[in-house]
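To be precise, the following lines are start02.txt, and they hold compact mmCIF, C-alpha atoms.
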# COMPACT_ATOMS: atom_id res chain seq x y z
CA MET J 1375 -2.86 -12.61 10.95
CA LEU J 1376 -3.35 -16.01 9.39
CA LEU J 1377 -6.95 -15.12 8.51
CA VAL J 1378 -5.76 -11.79 7.12
CA GLU J 1379 -3.20 -13.62 4.99
CA ARG J 1380 -6.01 -15.83 3.73
CA LYS J 1381 -7.96 -12.72 2.71
CA ASP J 1382 -10.75 -13.06 5.24
CA PRO J 1383 -12.54 -9.67 5.12
CA ASP J 1384 -13.83 -9.98 8.71
CA ALA J 1385 -10.31 -10.59 9.98
CA PHE J 1386 -9.03 -7.68 7.92
CA GLU J 1387 -11.67 -5.40 9.42
CA ALA J 1388 -10.44 -6.34 12.91
CA PHE J 1389 -6.86 -5.85 11.68
CA TYR J 1390 -7.73 -2.30 10.60
CA ASP J 1391 -9.47 -1.57 13.90
CA ARG J 1392 -6.37 -2.68 15.78
CA HIS J 1393 -3.82 -0.70 13.74
CA GLY J 1394 -5.73 2.00 11.86
CA GLY J 1395 -5.41 4.65 14.57
CA ALA J 1396 -1.64 4.32 14.87
CA ALA J 1397 -1.38 4.22 11.08
CA PHE J 1398 -3.38 7.40 10.62
CA SER J 1399 -1.47 9.16 13.39
CA LEU J 1400 1.88 8.36 11.79
CA ALA J 1401 0.68 9.28 8.32
CA TYR J 1402 -0.69 12.61 9.55
CA ARG J 1403 2.55 13.38 11.37
CA MET J 1404 4.49 12.76 8.16
CA VAL J 1405 2.35 14.21 5.39
CA GLY J 1406 0.84 16.97 7.46
CA SER J 1407 -2.67 17.11 6.02
CA ARG J 1408 -5.78 15.15 6.92
CA GLN J 1409 -6.75 14.33 3.33
CA ALA J 1410 -3.25 13.22 2.38
CA ALA J 1411 -3.04 11.09 5.54
CA GLU J 1412 -6.35 9.42 4.70
CA ASP J 1413 -5.13 8.67 1.18
CA VAL J 1414 -1.88 7.20 2.53
CA VAL J 1415 -3.63 4.99 5.06
CA GLN J 1416 -6.16 3.80 2.50
CA GLU J 1417 -3.41 2.94 0.01
CA ALA J 1418 -1.36 1.22 2.69
CA PHE J 1419 -4.16 -0.97 4.03
CA LEU J 1420 -5.45 -1.89 0.59
CA SER J 1421 -1.92 -2.85 -0.47
CA MET J 1422 -1.63 -5.04 2.63
CA TRP J 1423 -5.00 -6.61 1.85
CA ARG J 1424 -4.08 -7.29 -1.79
CA SER J 1425 -0.66 -8.68 -0.96
CA GLY J 1426 -2.20 -11.04 1.59
CA ALA J 1427 -0.51 -9.19 4.48
CA ARG J 1428 2.70 -11.14 4.02
CA PHE J 1429 5.30 -10.08 6.54
CA ASP J 1430 8.43 -11.53 8.03
CA ARG J 1431 7.70 -12.38 11.65
CA ALA J 1432 11.41 -12.48 12.41
CA ARG J 1433 11.64 -8.77 11.69
CA GLY J 1434 9.33 -7.61 14.46
CA SER J 1435 5.72 -7.20 15.50
CA VAL J 1436 2.72 -6.82 13.22
CA ARG J 1437 2.36 -3.22 14.45
CA THR J 1438 5.97 -2.46 13.45
CA TRP J 1439 5.34 -3.95 10.00
CA VAL J 1440 2.09 -2.04 9.47
CA LEU J 1441 3.68 1.26 10.45
CA GLY J 1442 6.62 0.49 8.18
CA VAL J 1443 4.22 0.14 5.23
CA VAL J 1444 2.49 3.38 6.20
CA ARG J 1445 5.80 5.19 6.55
CA ASN J 1446 6.95 4.06 3.11
CA ARG J 1447 3.64 5.14 1.55
CA SER J 1448 3.91 8.49 3.32
CA ILE J 1449 7.39 9.03 1.93
CA ASP J 1450 6.13 8.13 -1.56
CA ALA J 1451 3.34 10.66 -1.18
CA LEU J 1452 5.74 13.36 -0.01
CA ARG J 1453 8.10 12.72 -2.91
CA ARG J 1454 5.24 12.70 -5.47
CA ASP J 1455 4.01 16.00 -4.14
CA GLN J 1456 7.51 17.47 -4.19
CA ALA J 1457 7.99 16.28 -7.78
CA ARG J 1458 4.83 18.20 -8.72
CA GLY J 1459 6.26 21.34 -7.16
CA GLY J 1460 4.22 21.09 -3.98
CA GLN J 1461 5.52 21.62 -0.48
CA GLY J 1462 4.91 18.04 0.54
CA GLY J 1463 1.46 18.71 1.96
CA ARG J 1464 2.99 19.73 5.27
CA LEU J 1465 0.94 22.16 7.26
CA ASP J 1466 2.23 24.88 9.49
CA ALA J 1467 1.91 23.99 13.14
CA ASP J 1468 -0.88 26.55 13.55
CA ASP J 1469 -2.98 25.33 10.64
CA GLU J 1470 -6.65 25.37 11.61
CA ALA J 1471 -7.30 21.98 10.03
CA ALA J 1472 -5.25 20.34 12.77
CA ILE J 1473 -7.85 21.15 15.43
CA GLU J 1474 -10.52 19.10 13.63
CA LEU J 1475 -8.79 15.85 14.50
CA GLU J 1476 -9.60 14.24 17.82
CA PRO J 1477 -7.19 12.38 20.04
CA ALA J 1478 -7.55 8.62 20.06
CA PRO J 1479 -9.69 7.34 22.93
CA GLU J 1480 -7.93 5.43 25.69
CA SER J 1481 -10.45 2.66 25.79
CA THR J 1482 -8.44 -0.42 26.68
CA GLU J 1483 -5.61 -1.46 28.90
CA LEU J 1484 -3.55 -2.05 25.76
CA GLU J 1485 -4.11 1.54 24.69
CA ALA J 1486 -3.02 2.70 28.14
CA VAL J 1487 0.18 0.67 27.82
CA ARG J 1488 0.78 2.21 24.41
CA ARG J 1489 0.27 5.71 25.75
CA GLU J 1490 2.85 5.02 28.43
CA GLU J 1491 5.27 3.80 25.77
CA ALA J 1492 4.57 6.93 23.75
CA ARG J 1493 5.37 9.07 26.77
CA ARG J 1494 8.69 7.28 27.26
CA VAL J 1495 9.68 7.57 23.62
CA ARG J 1496 8.78 11.26 23.50
CA GLY J 1497 10.78 11.73 26.69
CA ALA J 1498 13.76 10.01 25.09
CA LEU J 1499 13.48 12.22 21.99
CA ASP J 1500 13.01 15.37 24.05
CA GLY J 1501 16.10 14.46 26.05
CA LEU J 1502 18.33 14.50 22.98
CA PRO J 1503 20.39 17.51 21.96
CA ASP J 1504 18.48 19.52 19.37
CA ASP J 1505 20.91 18.73 16.56
CA GLN J 1506 20.45 14.98 17.09
CA SER J 1507 16.66 15.00 17.44
CA ARG J 1508 16.37 17.26 14.40
CA VAL J 1509 18.22 14.92 12.04
CA ILE J 1510 16.29 11.90 13.36
CA GLU J 1511 12.98 13.65 12.83
CA LEU J 1512 13.96 14.83 9.35
CA ALA J 1513 15.05 11.32 8.38
CA PHE J 1514 12.32 9.26 9.98
CA PHE J 1515 9.30 11.52 9.78
CA GLY J 1516 10.36 13.72 6.88
CA GLY J 1517 11.62 10.89 4.69
CA PHE J 1518 14.75 12.85 3.77
CA THR J 1519 18.01 11.10 2.90
CA HIS J 1520 21.17 11.92 4.80
CA SER J 1521 22.47 13.82 1.75
CA GLU J 1522 19.34 15.95 1.64
CA ILE J 1523 19.55 16.62 5.37
CA ALA J 1524 23.21 17.58 5.05
CA ALA J 1525 22.28 20.06 2.31
CA MET J 1526 19.31 21.43 4.27
CA LEU J 1527 21.36 21.98 7.42
CA ASP J 1528 24.53 22.95 5.56
CA ALA J 1529 26.52 20.37 7.49
CA PRO J 1530 29.00 17.70 6.37
CA LEU J 1531 27.52 14.31 5.57
CA GLY J 1532 29.65 12.59 8.20
CA THR J 1533 28.38 15.00 10.84
CA ILE J 1534 24.79 14.24 9.95
CA LYS J 1535 25.32 10.49 10.14
CA GLY J 1536 27.16 10.86 13.42
CA ARG J 1537 24.27 12.82 14.93
CA MET J 1538 21.86 10.13 13.73
CA ARG J 1539 23.92 7.39 15.32
CA LEU J 1540 24.44 9.20 18.63
CA GLY J 1541 20.77 10.08 18.92
CA MET J 1542 19.51 6.61 18.03
CA GLU J 1543 21.95 4.93 20.41
CA LYS J 1544 20.83 7.21 23.24
CA ILE J 1545 17.18 6.41 22.55
CA ARG J 1546 17.92 2.71 22.47
CA VAL J 1547 19.95 2.77 25.68
CA GLN J 1548 17.34 4.86 27.48
CA LEU J 1549 14.50 2.57 26.48
CA ALA J 1550 16.50 -0.48 27.54
CA GLU J 1551 17.20 1.13 30.92
CA VAL J 1552 13.50 1.83 31.47
CA ALA J 1553 12.63 -1.73 30.56
CA THR J 1554 15.02 -3.29 33.07
CA MET C 1343 23.43 -4.61 25.46
CA ASN C 1344 24.53 -1.00 24.93
CA ASP C 1345 26.56 0.91 22.41
CA ARG C 1346 29.79 0.49 24.34
CA GLU C 1347 29.63 -3.27 23.98
CA TYR C 1348 29.94 -3.05 20.19
CA GLY C 1349 33.51 -2.93 19.00
CA LEU C 1350 32.46 -1.46 15.68
CA PRO C 1351 34.12 1.68 14.31
CA ASP C 1352 32.10 4.90 14.56
CA ASP C 1353 31.81 5.30 10.79
CA VAL C 1354 30.35 1.79 10.42
CA ARG C 1355 27.82 2.46 13.17
CA ASP C 1356 27.00 5.82 11.53
CA GLU C 1357 26.17 4.02 8.27
CA ILE C 1358 23.94 1.52 10.04
CA ALA C 1359 22.15 4.27 11.96
CA ALA C 1360 21.37 6.06 8.70
CA TYR C 1361 20.27 2.73 7.20
CA VAL C 1362 17.97 1.96 10.12
CA LEU C 1363 16.39 5.40 9.78
CA GLY C 1364 15.82 4.79 6.07
CA ALA C 1365 18.00 7.79 5.28
CA LEU C 1366 20.21 6.17 2.66
CA ASP C 1367 19.40 6.33 -1.03
CA PRO C 1368 18.38 2.92 -2.46
CA GLU C 1369 21.72 1.88 -3.94
CA HIS C 1370 23.62 2.82 -0.81
CA ALA C 1371 21.04 1.01 1.34
CA ASP C 1372 21.42 -2.14 -0.78
CA GLY C 1373 25.17 -2.08 -0.17
CA VAL C 1374 24.78 -1.66 3.59
CA ARG C 1375 22.14 -4.39 3.69
CA ALA C 1376 24.52 -6.77 1.94
CA ARG C 1377 27.31 -5.96 4.44
CA ILE C 1378 24.95 -6.54 7.36
CA ALA C 1379 23.86 -9.88 5.90
CA ARG C 1380 27.49 -11.05 5.74
CA ASP C 1381 28.61 -9.91 9.20
CA PRO C 1382 27.02 -11.29 12.40
CA GLU C 1383 28.30 -8.40 14.52
CA LEU C 1384 26.86 -5.83 12.14
CA ARG C 1385 23.59 -7.78 12.12
CA GLN C 1386 23.43 -7.77 15.90
CA TYR C 1387 24.11 -4.05 16.10
CA GLU C 1388 21.54 -3.32 13.38
CA ARG C 1389 18.87 -5.32 15.21
CA TRP C 1390 19.69 -3.59 18.47
CA LEU C 1391 19.47 -0.13 16.89
CA GLN C 1392 16.32 -1.09 14.97
CA GLY C 1393 14.67 -1.28 18.38
CA ALA C 1394 14.93 2.51 18.56
CA ALA C 1395 13.53 3.02 15.06
CA ASP C 1396 10.63 0.68 15.77
CA VAL C 1397 9.37 2.82 18.65
CA LEU C 1398 9.68 6.22 16.95
CA PRO C 1399 6.13 6.02 15.53
CA ALA C 1400 4.87 5.69 19.10
CA SER C 1401 6.10 9.22 19.80
CA VAL C 1402 3.52 10.87 17.55
CA GLU C 1403 0.26 12.14 18.97
CA GLN C 1404 -2.33 9.41 18.58
CA LEU C 1405 -5.37 10.63 16.67
CA ALA C 1406 -8.73 9.02 15.97
CA PRO C 1407 -8.92 8.39 12.22
CA PRO C 1408 -12.00 9.76 10.44
CA ALA C 1409 -14.90 7.27 10.44
CA GLY C 1410 -15.32 7.64 6.69
CA LEU C 1411 -11.81 6.30 6.15
CA ARG C 1412 -12.65 3.02 7.84
CA ASP C 1413 -15.84 2.71 5.80
CA ARG C 1414 -13.99 3.28 2.53
CA ILE C 1415 -11.32 0.72 3.29
CA VAL C 1416 -13.71 -1.91 4.59
CA ASP C 1417 -16.12 -1.40 1.68
CA GLU C 1418 -13.29 -1.83 -0.82
CA VAL C 1419 -11.99 -4.93 0.93
CA ARG C 1420 -15.44 -6.54 1.09
CA SER C 1421 -16.16 -5.64 -2.52
CA GLU C 1422 -12.91 -7.26 -3.66
CA ALA C 1423 -13.52 -10.31 -1.48
CA GLU C 1424 -16.96 -10.77 -3.03
CA ALA C 1425 -15.53 -10.28 -6.51
CA MET C 1426 -12.86 -12.90 -5.82
CA GLN C 1427 -15.55 -15.32 -4.67
CA ARG C 1428 -17.54 -14.73 -7.84
CA ILE C 1429 -14.45 -15.20 -9.97
CA GLU C 1430 -13.54 -18.34 -8.09
CA ARG C 1431 -17.01 -19.73 -8.83
CA VAL C 1432 -16.51 -18.92 -12.51
CA ARG C 1433 -13.05 -20.48 -12.55
CA ARG C 1434 -14.37 -23.68 -11.02
CA ARG C 1435 -17.22 -23.83 -13.53
CA PRO C 1436 -15.82 -22.93 -16.96
CA GLY C 1437 -18.52 -21.85 -19.34
CA ARG C 1438 -18.94 -22.37 -23.03
CA LEU C 1439 -16.86 -19.30 -23.90
CA ARG C 1440 -13.88 -20.41 -21.88
CA ARG C 1441 -13.98 -23.93 -23.32
CA LEU C 1442 -14.35 -22.56 -26.84
CA LEU C 1443 -11.48 -20.08 -26.47
CA SER C 1444 -9.20 -22.57 -24.77
CA ALA C 1445 -9.55 -24.82 -27.85
CA LEU C 1446 -8.22 -22.04 -30.07
CA ALA C 1447 -4.46 -21.43 -30.09
CA PRO C 1448 -3.96 -18.52 -30.53
CA PRO C 1449 -7.47 -17.09 -30.60
CA SER C 1450 -8.17 -14.64 -33.37
CA PRO C 1451 -10.25 -11.54 -32.75
CA ALA C 1452 -12.81 -12.70 -35.29
CA LEU C 1453 -13.27 -16.09 -33.64
CA ALA C 1454 -13.31 -14.49 -30.19
CA ALA C 1455 -16.06 -12.15 -31.35
CA ALA C 1456 -17.99 -15.11 -32.70
CA ALA C 1457 -17.60 -16.89 -29.37
CA VAL C 1458 -18.90 -13.82 -27.56
CA ALA C 1459 -21.95 -13.79 -29.89
CA VAL C 1460 -22.65 -17.44 -29.01
CA VAL C 1461 -22.58 -16.71 -25.28
CA LEU C 1462 -24.65 -13.54 -25.60
CA ALA C 1463 -27.33 -15.61 -27.29
CA GLY C 1464 -27.84 -17.32 -23.95
CA VAL C 1465 -28.48 -14.13 -21.96
CA GLY C 1466 -31.55 -14.16 -19.80
CA GLY C 1467 -31.13 -17.53 -18.18
CA TYR C 1468 -28.62 -20.33 -18.00
CA VAL C 1469 -26.25 -20.39 -20.94
CA VAL C 1470 -27.79 -22.64 -23.56
CA GLY C 1471 -25.88 -25.74 -24.35
CA SER C 1472 -24.40 -28.79 -22.79
CA GLY C 1473 -22.07 -28.87 -19.84
CA PRO C 1474 -22.39 -30.04 -16.28
CA ASP C 1475 -21.82 -26.61 -14.67
CA PRO C 1476 -24.05 -23.90 -16.10
CA GLU C 1477 -23.37 -20.33 -15.05
CA PRO C 1478 -25.76 -18.94 -12.45
CA ALA C 1479 -28.83 -17.21 -13.80
CA GLY C 1480 -28.13 -13.62 -14.80
CA GLU C 1481 -24.35 -14.07 -14.67
CA LEU C 1482 -22.49 -13.67 -17.92
CA THR C 1483 -18.80 -13.97 -18.69
CA VAL C 1484 -17.38 -12.09 -21.64
CA ALA C 1485 -13.80 -12.29 -22.84
CA MET C 1486 -12.15 -8.93 -23.29
CA GLN C 1487 -10.38 -8.22 -26.54
CA PRO C 1488 -6.79 -7.03 -26.17
CA SER C 1489 -5.21 -4.48 -28.49
CA ARG C 1490 -2.61 -5.72 -30.95
CA GLU C 1491 0.26 -4.38 -28.82
CA LEU C 1492 -0.96 -6.40 -25.82
CA SER C 1493 -2.01 -9.63 -27.46
CA ALA C 1494 -0.75 -11.59 -24.45
CA ALA C 1495 -3.04 -9.75 -22.02
CA HIS C 1496 -6.11 -11.57 -20.84
CA GLY C 1497 -9.29 -10.14 -19.43
CA GLU C 1498 -12.75 -11.30 -18.56
CA LEU C 1499 -15.79 -9.25 -17.75
CA ILE C 1500 -18.19 -11.00 -15.40
CA ARG C 1501 -21.55 -9.35 -15.50
CA HIS C 1502 -24.31 -9.92 -12.98
CA ASP C 1503 -27.44 -7.88 -13.68
CA ASP C 1504 -26.22 -4.28 -13.86
CA ARG C 1505 -22.93 -4.87 -12.08
CA ALA C 1506 -19.65 -6.00 -13.58
CA THR C 1507 -16.35 -7.31 -12.33
CA ILE C 1508 -13.17 -7.39 -14.38
CA LEU C 1509 -10.62 -10.14 -14.02
CA ILE C 1510 -7.33 -9.35 -15.72
CA ASP C 1511 -3.92 -10.88 -16.00
CA ARG C 1512 -0.74 -10.44 -17.99
CA LEU C 1513 -1.05 -6.69 -18.19
CA PRO C 1514 2.33 -4.95 -18.17
CA ALA C 1515 3.50 -3.25 -14.99
CA LEU C 1516 3.25 0.52 -14.95
CA SER C 1517 5.55 3.23 -13.68
CA ASP C 1518 4.66 5.04 -10.47
CA GLU C 1519 3.18 7.87 -12.56
CA ARG C 1520 0.62 5.72 -14.40
CA VAL C 1521 -2.48 3.69 -13.59
CA TYR C 1522 -5.01 1.67 -15.55
CA GLN C 1523 -8.46 3.19 -15.91
CA LEU C 1524 -11.87 1.80 -16.80
CA TRP C 1525 -14.21 3.58 -19.21
CA LEU C 1526 -17.86 2.98 -20.06
CA ARG C 1527 -18.97 3.91 -23.55
CA HIS C 1528 -22.57 4.96 -24.09
CA GLY C 1529 -22.87 5.51 -27.83
CA GLU C 1530 -20.39 8.25 -28.64
CA ARG C 1531 -20.05 9.35 -25.03
CA VAL C 1532 -17.21 7.87 -22.98
CA VAL C 1533 -17.57 8.07 -19.20
CA PRO C 1534 -14.57 7.71 -16.84
CA SER C 1535 -14.72 4.99 -14.22
CA ALA C 1536 -12.36 3.52 -11.62
CA THR C 1537 -8.58 3.52 -11.80
CA PHE C 1538 -6.59 0.54 -10.59
CA THR C 1539 -3.09 -0.86 -10.30
CA LEU C 1540 -1.90 -4.42 -10.64
CA HIS C 1541 -1.12 -7.06 -8.07
CA GLU C 1542 2.50 -8.18 -7.94
CA ASP C 1543 1.73 -11.03 -10.37
CA GLY C 1544 0.36 -8.67 -13.04
CA SER C 1545 -3.26 -9.52 -12.33
CA ALA C 1546 -6.11 -7.37 -11.09
CA VAL C 1547 -9.66 -7.84 -9.89
CA VAL C 1548 -11.73 -4.71 -10.34
CA GLU C 1549 -15.34 -4.12 -9.47
CA VAL C 1550 -16.86 -1.54 -11.83
CA PRO C 1551 -18.30 0.96 -9.37
CA GLU C 1552 -21.07 2.22 -11.63
CA SER C 1553 -24.03 0.39 -13.04
CA VAL C 1554 -23.27 -0.90 -16.55
CA ALA C 1555 -26.92 -0.74 -17.58
CA GLY C 1556 -27.23 0.98 -20.91
CA ALA C 1557 -23.50 0.99 -21.60
CA ASP C 1558 -22.30 -0.32 -24.95
CA GLU C 1559 -18.73 -1.16 -24.10
CA LEU C 1560 -16.18 -1.26 -21.30
CA MET C 1561 -12.62 -0.24 -22.08
CA ILE C 1562 -9.30 -0.11 -20.21
CA SER C 1563 -6.49 2.35 -20.97
CA ARG C 1564 -3.29 3.65 -19.37
CA GLU C 1565 -3.67 7.03 -17.73
CA PRO C 1566 -1.76 9.35 -15.38
CA VAL C 1567 -2.07 8.70 -11.64
CA GLY C 1568 -5.41 10.03 -10.47
CA GLY C 1569 -7.14 9.16 -13.73
CA SER C 1570 -8.34 11.28 -16.60
CA GLU C 1571 -11.65 12.81 -17.61
CA GLU C 1572 -11.14 11.60 -21.19
CA PRO C 1573 -8.93 8.77 -22.44
CA THR C 1574 -5.43 10.00 -23.21
CA SER C 1575 -4.35 6.73 -24.78
CA LYS C 1576 -5.87 3.99 -26.90
CA PRO C 1577 -7.83 1.23 -25.17
CA LEU C 1578 -5.77 -1.81 -24.29
CA LEU C 1579 -8.69 -4.11 -23.52
CA ARG C 1580 -12.36 -3.82 -24.45
CA ALA C 1581 -15.50 -5.81 -23.85
CA PRO C 1582 -18.97 -5.37 -25.34
CA LEU C 1583 -21.80 -4.73 -22.92
CA SER C 1584 -24.72 -4.60 -25.30
Taking this structure as input, can you express it in the form of structure tokens?
Amino acid sequence: MLLVERKDPDAFEAFYDRHGGAAFSLAYRMVGSRQAAEDVVQEAFLSMWRSGARFDRARGSVRTWVLGVVRNRSIDALRRDQARGGQGGRLDADDEAAIELEPAPESTELEAVRREEARRVRGALDGLPDDQSRVIELAFFGGFTHSEIAAMLDAPLGTIKGRMRLGMEKIRVQLAEVAT
Amino acid sequence: MNDREYGLPDDVRDEIAAYVLGALDPEHADGVRARIARDPELRQYERWLQGAADVLPASVEQLAPPAGLRDRIVDEVRSEAEAMQRIERVRRRPGRLRRLLSALAPPSPALAAAAVAVVLAGVGGYVVGSGPDPEPAGELTVAMQPSRELSAAHGELIRHDDRATILIDRLPALSDERVYQLWLRHGERVVPSATFTLHEDGSAVVEVPESVAGADELMISREPVGGSEEPTSKPLLRAPLS
């Protein structure tokens, strides 16, 4: 990261290789179209390059930081599209474009570890009651505020926040139990 | 540590959960952030819960990004890195134009134009004149002229053969709906070029993607995000190319 902060293009290329797949996957999940996801990832990585990749190490891993930047850019893209009267670029689940994208190769032991983590997290999400997983997905992947979610689901604001808290605490507890 | 070990009221934990998910509007989030900063127990709970938010991205299906995306990003990064190296060389070796303009306070457009004419006279080889650090052969630095409304803005066009790099600072920040755009003028015809946004410090380094051969002038204007086919506003900075 030090070389990335010093704007070493070789180091940045390696930085992209390490995090680009996860970044694109998250962006695609959020914005729902391949082109929009590419635009988001390009904007995110170029902004990290131009800002010298400054991040607060006390706040978490580099991967967490990168995906945070990608998530914020995805939310910006969704809101810009909504402001223009679009539907946020989200595709229907059966959209044919989705089948053009290939799964990431499991080429290293690190990737295998990450796939195992993904399986555990998905299991934790799948294990939540539908009303809790729904609000978490709308907030985290949809970029909606709690007020917007309350309006969408026609539920009181306090109920929405309560579902968020219960769901997140369950995920956290479950992941801690697996780790011990 | 689990949720039962936190003696925080449910409504407080609800707020922090929404905050951790990024589901609060900005003002509300600022208020919660300030409360967390003041309270060690809130901070501990927030960090614990953040562990759940941090792993959510891992739940999405992992896809291989398109190869073209990598190429675009890497090409842009390398282009900017090379431009920064060229600019750094120019900064370390100020040419006649820079020394002349730095002696003028404030520079007038007429004197700036005269200074440009002096430098252009040296095209084709090292800049004629004294000085320990001549510019490399074929490299020419031209000061950009700001519009009256942006007299504080500063720009330089560094031309090497048919390529050009723009170095800009003190341009005003733009809203999320606007970008800056380059234009190349060939006689009466104005051709759109790259759009760009500013670094946090108000500066920008922009490589002109097209060849500038045959162009008479380079201009910069404010345009809507995505750029325009024709300028929708007056040029803010301009530099002669011929």
Give me the residues within 12 Å of Glu1549 in chain C as a PyMOL selection string, counting all atoms listed in the file and dropping any in the same chain fewer than 5 places off.
-> chain C and resi 1417-1426+1428-1429+1498-1502+1504-1510+1523-1524+1535-1538+1554
Suppose we keep C-alpha atoms; can you now write the selection as a short mmCIF file (atom, residue, chain, number, x, y, z; two decimals), keeping the file's coordinate frame?
data_model
loop_
_atom_site.label_atom_id
_atom_site.label_comp_id
_atom_site.auth_asym_id
_atom_site.auth_seq_id
_atom_site.Cartn_x
_atom_site.Cartn_y
_atom_site.Cartn_z
CA ASP C 1417 -16.12 -1.40 1.68
CA GLU C 1418 -13.29 -1.83 -0.82
CA VAL C 1419 -11.99 -4.93 0.93
CA ARG C 1420 -15.44 -6.54 1.09
CA SER C 1421 -16.16 -5.64 -2.52
CA GLU C 1422 -12.91 -7.26 -3.66
CA ALA C 1423 -13.52 -10.31 -1.48
CA GLU C 1424 -16.96 -10.77 -3.03
CA ALA C 1425 -15.53 -10.28 -6.51
CA MET C 1426 -12.86 -12.90 -5.82
CA ARG C 1428 -17.54 -14.73 -7.84
CA ILE C 1429 -14.45 -15.20 -9.97
CA GLU C 1498 -12.75 -11.30 -18.56
CA LEU C 1499 -15.79 -9.25 -17.75
CA ILE C 1500 -18.19 -11.00 -15.40
CA ARG C 1501 -21.55 -9.35 -15.50
CA HIS C 1502 -24.31 -9.92 -12.98
CA ASP C 1504 -26.22 -4.28 -13.86
CA ARG C 1505 -22.93 -4.87 -12.08
CA ALA C 1506 -19.65 -6.00 -13.58
CA THR C 1507 -16.35 -7.31 -12.33
CA ILE C 1508 -13.17 -7.39 -14.38
CA LEU C 1509 -10.62 -10.14 -14.02
CA ILE C 1510 -7.33 -9.35 -15.72
CA GLN C 1523 -8.46 3.19 -15.91
CA LEU C 1524 -11.87 1.80 -16.80
CA SER C 1535 -14.72 4.99 -14.22
CA ALA C 1536 -12.36 3.52 -11.62
CA THR C 1537 -8.58 3.52 -11.80
CA PHE C 1538 -6.59 0.54 -10.59
CA VAL C 1554 -23.27 -0.90 -16.55
#
Would you mind telling me which residue in C:Gln1392, C:Arg1355, C:Tyr1361, C:Ala1555 lies nearest to Ala1376 in chain C when using all atoms listed in the file?
-> C:Tyr1361
If you take all atoms listed in the file and a cut-off of 6 Å, which residues of chain C touch chain J, and what are their nearest atom pairs and distances in Å to one decimal, in chain and number order, as a tab-separated table?
residue	atom	partner	partner_atom	distance
C:Asn1344	CA	J:Val1547	CA	6.0
C:Asp1356	CA	J:Arg1539	CA	5.1
C:Ala1359	CA	J:Arg1539	CA	4.9
C:Leu1363	CA	J:Phe1514	CA	5.6
C:Ala1365	CA	J:Thr1519	CA	4.1
C:Leu1366	CA	J:Thr1519	CA	5.4
C:Ala1394	CA	J:Arg1546	CA	4.9
C:Ala1400	CA	J:Ala1492	CA	4.8
C:Ser1401	CA	J:Ala1492	CA	4.8
C:Gln1404	CA	J:Ser1399	CA	5.3
C:Leu1405	CA	J:Pro1477	CA	4.2
C:Ala1406	CA	J:Ala1478	CA	4.3
C:Pro1407	CA	J:Gly1395	CA	5.6
C:Arg1420	CA	J:Pro1383	CA	5.9
Write out, as a PDB file, in the frame of the given file, the residues just selected, with C-alpha atoms.
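Once everything was written out, this is out-v1.pdb:
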ATOM      1  CA  ASN C1344      24.530  -1.000  24.930  1.00  0.00           C
ATOM      2  CA  ASP C1356      27.000   5.820  11.530  1.00  0.00           C
ATOM      3  CA  ALA C1359      22.150   4.270  11.960  1.00  0.00           C
ATOM      4  CA  LEU C1363      16.390   5.400   9.780  1.00  0.00           C
ATOM      5  CA  ALA C1365      18.000   7.790   5.280  1.00  0.00           C
ATOM      6  CA  LEU C1366      20.210   6.170   2.660  1.00  0.00           C
ATOM      7  CA  ALA C1394      14.930   2.510  18.560  1.00  0.00           C
ATOM      8  CA  ALA C1400       4.870   5.690  19.100  1.00  0.00           C
ATOM      9  CA  SER C1401       6.100   9.220  19.800  1.00  0.00           C
ATOM     10  CA  GLN C1404      -2.330   9.410  18.580  1.00  0.00           C
ATOM     11  CA  LEU C1405      -5.370  10.630  16.670  1.00  0.00           C
ATOM     12  CA  ALA C1406      -8.730   9.020  15.970  1.00  0.00           C
ATOM     13  CA  PRO C1407      -8.920   8.390  12.220  1.00  0.00           C
ATOM     14  CA  ARG C1420     -15.440  -6.540   1.090  1.00  0.00           C
TER      15      ARG C1420
END
Residues within 12 Å of (-8.0, -9.2, -17.3), counting all atoms listed in the file, listed as a PyMOL selection string = chain C and resi 1429+1483-1488+1492-1500+1507-1514+1522+1524+1538-1541+1544-1549+1561-1562+1578-1581
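Atom to atom, CA of Phe1389 in chain J and CA of Glu1485 in chain J stand 15.2 Å apart.
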For CA of Ala1515 in chain C and CA of Arg1490 in chain C, quote the distance in Å rounded to one decimal.
-> 17.3 Å
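Counting all atoms listed in the file and comparing C:Glu1519, C:Glu1530, C:Asp1543, C:Glu1552, the residue that lies closest to Ala1457 in chain J is C:Glu1519.
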Correct to one decimal, the distance CA of Pro1551 in chain C-CA of Val1444 in chain J is 26.1 Å
